[in-house]
>>> print(open('query_5.txt').read())   # compact mmCIF, C-alpha atoms
# COMPACT_ATOMS: atom_id res chain seq x y z
CA MET A 16 96.80 51.38 -221.94
CA SER A 17 94.89 53.06 -224.76
CA GLU A 18 91.74 53.84 -222.80
CA GLY A 19 91.34 56.47 -220.11
CA VAL A 20 92.98 59.89 -220.09
CA ARG A 21 96.57 61.07 -220.08
CA LEU A 22 98.05 61.13 -216.61
CA ASN A 23 98.73 64.88 -216.63
CA LYS A 24 95.09 65.59 -217.51
CA TYR A 25 93.94 63.26 -214.74
CA LEU A 26 96.20 64.99 -212.20
CA ALA A 27 94.99 68.41 -213.33
CA SER A 28 91.39 67.26 -212.74
CA CYS A 29 92.45 66.38 -209.20
CA ALA A 30 93.49 70.03 -208.69
CA VAL A 31 97.15 69.04 -208.39
CA GLY A 32 98.21 71.80 -210.78
CA SER A 33 98.32 72.77 -214.44
CA ARG A 34 99.12 70.08 -217.01
CA ARG A 35 102.64 71.46 -217.38
CA ALA A 36 103.16 71.37 -213.62
CA CYS A 37 101.80 67.83 -213.54
CA ASP A 38 104.24 66.79 -216.27
CA GLU A 39 107.05 68.02 -214.03
CA LEU A 40 105.68 65.99 -211.11
CA ILE A 41 105.56 62.86 -213.27
CA ALA A 42 109.06 63.37 -214.68
CA SER A 43 110.50 63.86 -211.19
CA GLY A 44 109.14 60.50 -210.02
CA ARG A 45 106.64 61.87 -207.52
CA VAL A 46 103.62 60.10 -209.07
CA GLU A 47 102.59 56.46 -208.54
CA VAL A 48 99.98 54.56 -210.53
CA ASN A 49 98.60 51.40 -208.91
CA GLY A 50 101.48 51.30 -206.46
CA ALA A 51 104.32 51.69 -208.96
CA PRO A 52 106.32 54.87 -209.71
CA CYS A 53 105.38 56.33 -213.08
CA VAL A 54 107.68 58.64 -215.06
CA LYS A 55 106.19 58.16 -218.54
CA LEU A 56 104.33 61.27 -219.63
CA ALA A 57 102.24 59.32 -222.15
CA THR A 58 100.74 57.07 -219.45
CA ARG A 59 96.94 56.89 -219.51
CA VAL A 60 94.78 56.11 -216.49
CA ALA A 61 91.21 54.94 -216.06
CA PRO A 62 88.75 55.71 -213.22
CA ALA A 63 89.57 52.37 -211.54
CA ASP A 64 93.30 53.17 -211.28
CA HIS A 65 94.83 54.36 -208.01
CA VAL A 66 97.01 57.44 -208.42
CA ARG A 67 99.20 58.95 -205.71
CA VAL A 68 101.29 62.11 -205.58
CA ASP A 69 104.01 62.21 -202.93
CA GLY A 70 102.38 59.15 -201.37
CA LYS A 71 98.92 60.73 -201.09
CA ARG A 72 96.03 59.39 -203.14
CA VAL A 73 94.39 61.92 -205.48
CA VAL A 74 90.97 61.71 -207.11
CA PRO A 75 89.21 64.00 -209.60
CA LYS A 76 87.27 66.84 -208.05
CA ASP A 77 84.02 68.39 -209.15
CA GLU A 78 84.89 71.22 -211.50
CA ILE A 79 84.46 74.64 -209.91
CA VAL A 80 84.96 77.98 -211.66
CA VAL A 81 84.85 81.18 -209.63
CA ILE A 82 84.87 84.82 -210.64
CA PHE A 83 86.67 86.95 -208.06
CA HIS A 84 87.05 90.72 -207.79
CA LYS A 85 90.67 91.16 -206.74
CA PRO A 86 91.14 94.31 -204.66
CA ARG A 87 94.20 96.50 -204.95
CA GLY A 88 97.02 95.62 -202.56
CA TYR A 89 96.68 91.83 -202.71
CA VAL A 90 99.07 89.47 -204.48
CA CYS A 91 98.08 86.50 -206.63
CA THR A 92 99.88 83.74 -204.75
CA ARG A 93 99.13 81.28 -201.96
CA SER A 94 101.84 82.63 -199.67
CA ASP A 95 104.12 85.63 -199.92
CA GLU A 96 107.70 85.73 -198.69
CA LEU A 97 107.30 89.46 -197.98
CA GLY A 98 104.28 88.86 -195.77
CA ARG A 99 101.85 90.69 -198.05
CA GLN A 100 98.17 89.79 -198.10
CA THR A 101 97.18 87.31 -200.80
CA ILE A 102 93.93 86.74 -202.64
CA TYR A 103 93.54 83.46 -200.73
CA ASP A 104 93.22 85.41 -197.49
CA LEU A 105 89.86 86.61 -198.84
CA LEU A 106 88.54 83.22 -199.92
CA PRO A 107 86.70 80.67 -197.77
CA ASP A 108 88.46 77.39 -196.97
CA THR A 109 86.29 75.56 -199.51
CA LEU A 110 87.85 77.59 -202.35
CA LYS A 111 91.46 77.83 -201.19
CA SER A 112 92.47 74.80 -203.31
CA LEU A 113 91.51 76.56 -206.56
CA HIS A 114 94.23 77.84 -208.87
CA HIS A 115 94.13 81.38 -210.23
CA VAL A 116 94.17 81.63 -214.03
CA GLY A 117 96.77 84.24 -214.88
CA ARG A 118 97.25 87.05 -212.44
CA LEU A 119 96.89 90.74 -211.71
CA ASP A 120 99.82 92.55 -210.12
CA THR A 121 99.61 93.94 -206.60
CA ASP A 122 98.46 97.43 -207.64
CA SER A 123 95.92 96.16 -210.19
CA GLU A 124 92.37 95.15 -209.46
CA GLY A 125 89.35 93.56 -211.06
CA MET A 126 88.30 90.30 -212.62
CA LEU A 127 90.19 87.11 -211.82
CA ILE A 128 89.16 83.52 -212.56
CA LEU A 129 89.94 80.69 -210.13
CA THR A 130 89.28 77.04 -210.91
CA ASN A 131 90.31 73.41 -210.45
CA ASP A 132 89.58 72.74 -214.14
CA GLY A 133 92.98 72.32 -215.77
CA ASP A 134 91.53 72.22 -219.29
CA LEU A 135 89.75 75.52 -218.83
CA SER A 136 92.88 77.12 -217.39
CA GLN A 137 94.89 75.99 -220.40
CA GLN A 138 92.32 77.29 -222.87
CA LEU A 139 92.10 80.69 -221.19
CA MET A 140 95.88 81.09 -221.08
CA HIS A 141 96.96 79.58 -224.40
CA PRO A 142 97.97 82.24 -226.97
CA SER A 143 96.21 80.37 -229.80
CA LYS A 144 92.83 80.99 -228.15
CA SER A 145 93.30 84.79 -228.20
CA VAL A 146 90.88 85.29 -225.30
CA GLU A 147 90.13 89.01 -224.96
CA LYS A 148 90.70 90.83 -221.68
CA GLU A 149 89.36 94.35 -221.23
CA TYR A 150 90.80 96.93 -218.85
CA LEU A 151 89.90 100.44 -217.69
CA VAL A 152 93.15 102.34 -217.24
CA THR A 153 93.81 105.74 -215.64
CA SER A 154 97.00 107.62 -216.50
CA ASN A 155 98.81 110.17 -214.35
CA GLN A 156 98.47 112.74 -217.14
CA ALA A 157 96.44 113.45 -220.27
CA PHE A 158 97.01 110.77 -222.91
CA GLU A 159 98.03 112.15 -226.31
CA ASN A 160 96.09 111.04 -229.38
CA VAL A 161 99.25 110.12 -231.29
CA HIS A 162 99.97 107.45 -228.70
CA LEU A 163 96.65 105.69 -229.33
CA ASP A 164 97.92 104.50 -232.72
CA GLN A 165 101.23 103.41 -231.19
CA PHE A 166 99.38 101.09 -228.83
CA LEU A 167 97.86 99.33 -231.85
CA GLN A 168 101.03 99.29 -233.96
CA GLY A 169 103.25 98.06 -231.13
CA ILE A 170 105.57 99.60 -228.55
CA PHE A 171 109.08 98.39 -227.78
CA THR A 172 109.51 97.63 -224.07
CA GLU A 173 111.94 95.64 -221.91
CA GLU A 174 109.72 92.61 -222.63
CA GLY A 175 109.94 93.14 -226.40
CA LYS A 176 107.38 94.60 -228.78
CA LEU A 177 103.94 94.72 -227.20
CA LYS A 178 100.64 95.90 -228.65
CA ALA A 179 96.98 96.16 -227.79
CA LYS A 180 94.09 94.79 -229.85
CA GLN A 181 92.03 97.92 -229.18
CA ILE A 182 92.34 101.17 -227.27
CA ASP A 183 89.65 103.84 -226.85
CA ARG A 184 89.63 107.14 -225.01
CA ILE A 185 87.07 107.56 -222.23
CA SER A 186 88.36 110.93 -221.01
CA ALA A 187 91.64 112.85 -221.05
CA ARG A 188 93.30 110.42 -218.63
CA ARG A 189 91.06 107.33 -218.78
CA LEU A 190 91.22 104.70 -221.50
CA LYS A 191 89.73 101.34 -222.39
CA VAL A 192 92.40 98.82 -223.42
CA ILE A 193 91.69 95.37 -224.87
CA LEU A 194 94.37 92.67 -225.08
CA ASP A 195 94.12 89.26 -226.71
CA HIS A 196 97.68 88.25 -225.79
CA GLY A 197 99.24 89.32 -222.53
CA ALA A 198 102.77 89.69 -221.25
CA LYS A 199 103.55 90.25 -217.59
CA ARG A 200 102.62 93.83 -216.62
CA GLN A 201 101.99 94.54 -220.30
CA ILE A 202 99.78 97.61 -219.97
CA ARG A 203 101.98 99.25 -217.36
CA LEU A 204 105.09 98.62 -219.47
CA MET A 205 103.47 100.12 -222.55
CA PHE A 206 102.36 103.23 -220.68
CA GLU A 207 105.80 103.62 -219.08
CA ALA A 208 107.54 103.30 -222.44
CA LEU A 209 105.58 106.34 -223.64
CA GLY A 210 106.28 108.39 -220.52
CA TYR A 211 103.09 107.76 -218.54
CA GLN A 212 102.37 106.15 -215.18
CA VAL A 213 99.30 104.01 -214.59
CA THR A 214 97.50 105.19 -211.46
CA LYS A 215 94.61 102.72 -211.69
CA LEU A 216 94.12 99.50 -213.65
CA LEU A 217 90.84 97.58 -213.48
CA ARG A 218 90.11 94.41 -215.47
CA VAL A 219 86.40 94.34 -216.29
CA ARG A 220 86.01 91.54 -218.84
CA ILE A 221 87.43 88.17 -219.89
CA GLY A 222 86.00 86.72 -223.10
CA ASN A 223 82.33 87.70 -223.04
CA LEU A 224 82.00 87.55 -219.26
CA TRP A 225 81.89 90.88 -217.41
CA LEU A 226 82.85 91.72 -213.84
CA GLY A 227 79.60 93.63 -213.46
CA ASP A 228 78.72 94.90 -210.00
CA LEU A 229 80.72 92.30 -208.07
CA GLU A 230 82.32 94.19 -205.19
CA PRO A 231 86.08 94.11 -204.43
CA GLY A 232 86.97 91.05 -202.36
CA ARG A 233 83.77 89.24 -203.33
CA TRP A 234 83.41 86.09 -205.42
CA ALA A 235 80.73 84.04 -207.18
CA ILE A 236 80.59 80.50 -208.57
CA LEU A 237 79.92 80.48 -212.32
CA ASN A 238 77.27 78.35 -213.97
CA ALA A 239 77.77 76.47 -217.26
CA LYS A 240 76.47 79.36 -219.38
CA GLU A 241 78.79 81.86 -217.69
CA ILE A 242 81.77 79.51 -218.08
CA SER A 243 81.09 79.20 -221.81
CA MET A 244 81.09 83.01 -222.05
CA LEU A 245 84.73 83.07 -220.92
CA LEU A 246 85.80 81.41 -224.17
CA ALA A 247 83.21 82.94 -226.48
CA LYS A 248 84.48 85.14 -229.30
>>> encode(input="query_5.txt", output="structure tokens")
Amino acid sequence: MSEGVRLNKYLASCAVGSRRACDELIASGRVEVNGAPCVKLATRVAPADHVRVDGKRVVPKDEIVVIFHKPRGYVCTRSDELGRQTIYDLLPDTLKSLHHVGRLDTDSEGMLILTNDGDLSQQLMHPSKSVEKEYLVTSNQAFENVHLDQFLQGIFTEEGKLKAKQIDRISARRLKVILDHGAKRQIRLMFEALGYQVTKLLRVRIGNLWLGDLEPGRWAILNAKEISMLLAK
């Protein structure tokens, strides 16, 4: 079938998961198209086709993109084996099916995007897009000027060489850090490698969209203009 869309894209539009996760579902034989198991990743489907995952029919959902102010102390997962509170505990039932794009660790706070739009998730996360993320970071001690240049040149950590796109001093212990590629816990690892501890980390911007005055634990549905700002250079 040459018409329609690739099966993984269709499944992502049904809020089943990311395209990569959907590829894994297809390869494992958990997807049926028009009553027959489908394991070919190149399969294309049209609106009239019936698609099931684990025996349950799935259909594309209206695309929803939400900005959420993650408070400190919450984890970015649907359920936690340690019994910690998750971001989904703060969301209404109508938004609990959304997937978070990237994550903030338990002690970090600020701007998080949740959506059922698999294409948008992929664009925001793909390294080739170089989507900027801006953070306000507080250190446990005064930050030395010589270390500002090291952040830009690159710092060797347990995750390899990491660097920031931009870093500016706000005060002796507070800094603005901009990343356009992110490793897990990147800012904390970079600070730790230079002998500092991060006492507060707040993400305030993704792309050209700002967190603004959205209170911790609160969320808002984005309109088309705001969504476009996420990917704007």
>>> closest_atom_pairs(input="query_5.txt", of="range 111-147 of chain A", to="range 206-228 of chain A", cutoff="10 Å", atoms="only C-alpha atoms", output="JSON lines")
{"residue": "A:Leu119", "atom": "CA", "partner": "A:Arg218", "partner_atom": "CA", "distance": 8.6}
{"residue": "A:Asp120", "atom": "CA", "partner": "A:Leu216", "partner_atom": "CA", "distance": 9.7}
{"residue": "A:Asp122", "atom": "CA", "partner": "A:Lys215", "partner_atom": "CA", "distance": 7.7}
{"residue": "A:Ser123", "atom": "CA", "partner": "A:Leu216", "partner_atom": "CA", "distance": 5.1}
{"residue": "A:Glu124", "atom": "CA", "partner": "A:Leu217", "partner_atom": "CA", "distance": 4.9}
{"residue": "A:Gly125", "atom": "CA", "partner": "A:Arg218", "partner_atom": "CA", "distance": 4.6}
{"residue": "A:Met126", "atom": "CA", "partner": "A:Arg218", "partner_atom": "CA", "distance": 5.3}
{"residue": "A:Leu127", "atom": "CA", "partner": "A:Arg218", "partner_atom": "CA", "distance": 8.2}
{"residue": "A:Ile128", "atom": "CA", "partner": "A:Ile221", "partner_atom": "CA", "distance": 8.9}
{"residue": "A:Leu139", "atom": "CA", "partner": "A:Gly222", "partner_atom": "CA", "distance": 8.8}
{"residue": "A:Ser145", "atom": "CA", "partner": "A:Gly222", "partner_atom": "CA", "distance": 9.1}
{"residue": "A:Val146", "atom": "CA", "partner": "A:Gly222", "partner_atom": "CA", "distance": 5.5}
{"residue": "A:Glu147", "atom": "CA", "partner": "A:Gly222", "partner_atom": "CA", "distance": 5.1}
>>> atom_distance(input="query_5.txt", atom1="CA of Ile185 in chain A", atom2="CA of Lys144 in chain A")
27.8 Å
>>> closest_atom_pairs(input="query_5.txt", of="range 92-138 of chain A", to="range 233-240 of chain A", cutoff="12 Å", atoms="all atoms listed in the file", output="JSON lines")
{"residue": "A:Ile102", "atom": "CA", "partner": "A:Arg233", "partner_atom": "CA", "distance": 10.5}
{"residue": "A:Tyr103", "atom": "CA", "partner": "A:Trp234", "partner_atom": "CA", "distance": 11.5}
{"residue": "A:Asp104", "atom": "CA", "partner": "A:Arg233", "partner_atom": "CA", "distance": 11.8}
{"residue": "A:Leu105", "atom": "CA", "partner": "A:Arg233", "partner_atom": "CA", "distance": 8.0}
{"residue": "A:Leu106", "atom": "CA", "partner": "A:Trp234", "partner_atom": "CA", "distance": 8.1}
{"residue": "A:Pro107", "atom": "CA", "partner": "A:Trp234", "partner_atom": "CA", "distance": 9.9}
{"residue": "A:Thr109", "atom": "CA", "partner": "A:Ile236", "partner_atom": "CA", "distance": 11.8}
{"residue": "A:Leu110", "atom": "CA", "partner": "A:Ile236", "partner_atom": "CA", "distance": 10.0}
{"residue": "A:Leu113", "atom": "CA", "partner": "A:Ile236", "partner_atom": "CA", "distance": 11.8}
{"residue": "A:Gly125", "atom": "CA", "partner": "A:Arg233", "partner_atom": "CA", "distance": 10.5}
{"residue": "A:Met126", "atom": "CA", "partner": "A:Trp234", "partner_atom": "CA", "distance": 9.7}
{"residue": "A:Leu127", "atom": "CA", "partner": "A:Trp234", "partner_atom": "CA", "distance": 9.4}
{"residue": "A:Ile128", "atom": "CA", "partner": "A:Trp234", "partner_atom": "CA", "distance": 9.5}
{"residue": "A:Leu129", "atom": "CA", "partner": "A:Ile236", "partner_atom": "CA", "distance": 9.5}
{"residue": "A:Thr130", "atom": "CA", "partner": "A:Ile236", "partner_atom": "CA", "distance": 9.6}
>>> atom_distance(input="query_5.txt", atom1="CA of Ala187 in chain A", atom2="CA of Ala157 in chain A")
4.9 Å
>>> closest_residue(input="query_5.txt", among="A:Arg21, A:Lys85, A:Arg59, A:Lys111", to="Glu230 in chain A", atoms="only C-alpha atoms")
A:Lys85
>>> closest_residue(input="query_5.txt", among="A:Ala179, A:Leu229, A:Val68, A:Leu26", to="His84 in chain A", atoms="all atoms listed in the file")
A:Leu229
>>> closest_residue(input="query_5.txt", among="A:Leu40, A:His114, A:Ile82, A:Leu204", to="Gly169 in chain A", atoms="all atoms listed in the file")
A:Leu204
>>> closest_residue(input="query_5.txt", among="A:Lys176, A:Met205, A:Leu151, A:Asn160", to="Lys191 in chain A", atoms="all atoms listed in the file")
A:Leu151
>>> atom_distance(input="query_5.txt", atom1="CA of Glu47 in chain A", atom2="CA of Leu22 in chain A")
10.4 Å
>>> closest_residue(input="query_5.txt", among="A:Val31, A:Asp38, A:Gly44, A:Asp95", to="Arg72 in chain A", atoms="only C-alpha atoms")
A:Val31
>>> closest_residue(input="query_5.txt", among="A:Glu78, A:Glu173, A:Glu18, A:Glu149", to="Thr58 in chain A", atoms="all atoms listed in the file")
A:Glu18
>>> residues_around(input="query_5.txt", residues="Val73 in chain A", least_positions_apart="6", cutoff="7 Å", atoms="all atoms listed in the file", output="number ranges by chain")
A: 29, 66-67
>>> decode(input="query_5.txt", residues="range 82-96 of chain A", atoms="N, CA and C atoms", output="PDB file, in the first residue's frame")
ATOM      1  N   ILE A  82       1.711  22.686  28.281  1.00  0.00           N
ATOM      2  CA  ILE A  82       2.858  23.155  29.049  1.00  0.00           C
ATOM      3  C   ILE A  82       2.531  22.922  30.524  1.00  0.00           C
ATOM      4  N   PHE A  83       3.477  22.366  31.248  1.00  0.00           N
ATOM      5  CA  PHE A  83       3.260  21.996  32.644  1.00  0.00           C
ATOM      6  C   PHE A  83       4.442  22.493  33.471  1.00  0.00           C
ATOM      7  N   HIS A  84       4.152  23.086  34.615  1.00  0.00           N
ATOM      8  CA  HIS A  84       5.215  23.520  35.524  1.00  0.00           C
ATOM      9  C   HIS A  84       5.436  22.420  36.552  1.00  0.00           C
ATOM     10  N   LYS A  85       6.474  21.615  36.303  1.00  0.00           N
ATOM     11  CA  LYS A  85       6.787  20.504  37.204  1.00  0.00           C
ATOM     12  C   LYS A  85       7.350  21.049  38.509  1.00  0.00           C
ATOM     13  N   PRO A  86       6.737  20.682  39.640  1.00  0.00           N
ATOM     14  CA  PRO A  86       7.294  21.093  40.930  1.00  0.00           C
ATOM     15  C   PRO A  86       8.449  20.171  41.335  1.00  0.00           C
ATOM     16  N   ARG A  87       9.239  20.638  42.245  1.00  0.00           N
ATOM     17  CA  ARG A  87      10.311  19.811  42.794  1.00  0.00           C
ATOM     18  C   ARG A  87       9.698  18.659  43.594  1.00  0.00           C
ATOM     19  N   GLY A  88      10.342  17.503  43.551  1.00  0.00           N
ATOM     20  CA  GLY A  88       9.887  16.365  44.343  1.00  0.00           C
ATOM     21  C   GLY A  88       9.005  15.383  43.602  1.00  0.00           C
ATOM     22  N   TYR A  89       8.706  15.663  42.340  1.00  0.00           N
ATOM     23  CA  TYR A  89       7.875  14.766  41.534  1.00  0.00           C
ATOM     24  C   TYR A  89       8.729  14.124  40.441  1.00  0.00           C
ATOM     25  N   VAL A  90       8.430  12.878  40.120  1.00  0.00           N
ATOM     26  CA  VAL A  90       9.185  12.180  39.086  1.00  0.00           C
ATOM     27  C   VAL A  90       8.407  12.158  37.779  1.00  0.00           C
ATOM     28  N   CYS A  91       9.137  12.134  36.662  1.00  0.00           N
ATOM     29  CA  CYS A  91       8.522  12.124  35.342  1.00  0.00           C
ATOM     30  C   CYS A  91       8.303  10.685  34.888  1.00  0.00           C
ATOM     31  N   THR A  92       7.278  10.070  35.414  1.00  0.00           N
ATOM     32  CA  THR A  92       6.908   8.710  35.044  1.00  0.00           C
ATOM     33  C   THR A  92       5.453   8.494  35.412  1.00  0.00           C
ATOM     34  N   ARG A  93       4.838   7.476  34.840  1.00  0.00           N
ATOM     35  CA  ARG A  93       3.422   7.220  35.135  1.00  0.00           C
ATOM     36  C   ARG A  93       3.245   6.553  36.493  1.00  0.00           C
ATOM     37  N   SER A  94       4.177   5.683  36.840  1.00  0.00           N
ATOM     38  CA  SER A  94       4.129   5.027  38.147  1.00  0.00           C
ATOM     39  C   SER A  94       5.556   4.832  38.620  1.00  0.00           C
ATOM     40  N   ASP A  95       5.743   4.855  39.926  1.00  0.00           N
ATOM     41  CA  ASP A  95       7.093   4.778  40.472  1.00  0.00           C
ATOM     42  C   ASP A  95       7.199   3.609  41.438  1.00  0.00           C
ATOM     43  N   GLU A  96       8.199   2.761  41.203  1.00  0.00           N
ATOM     44  CA  GLU A  96       8.353   1.565  42.033  1.00  0.00           C
ATOM     45  C   GLU A  96       8.722   1.902  43.478  1.00  0.00           C
TER      46      GLU A  96
END
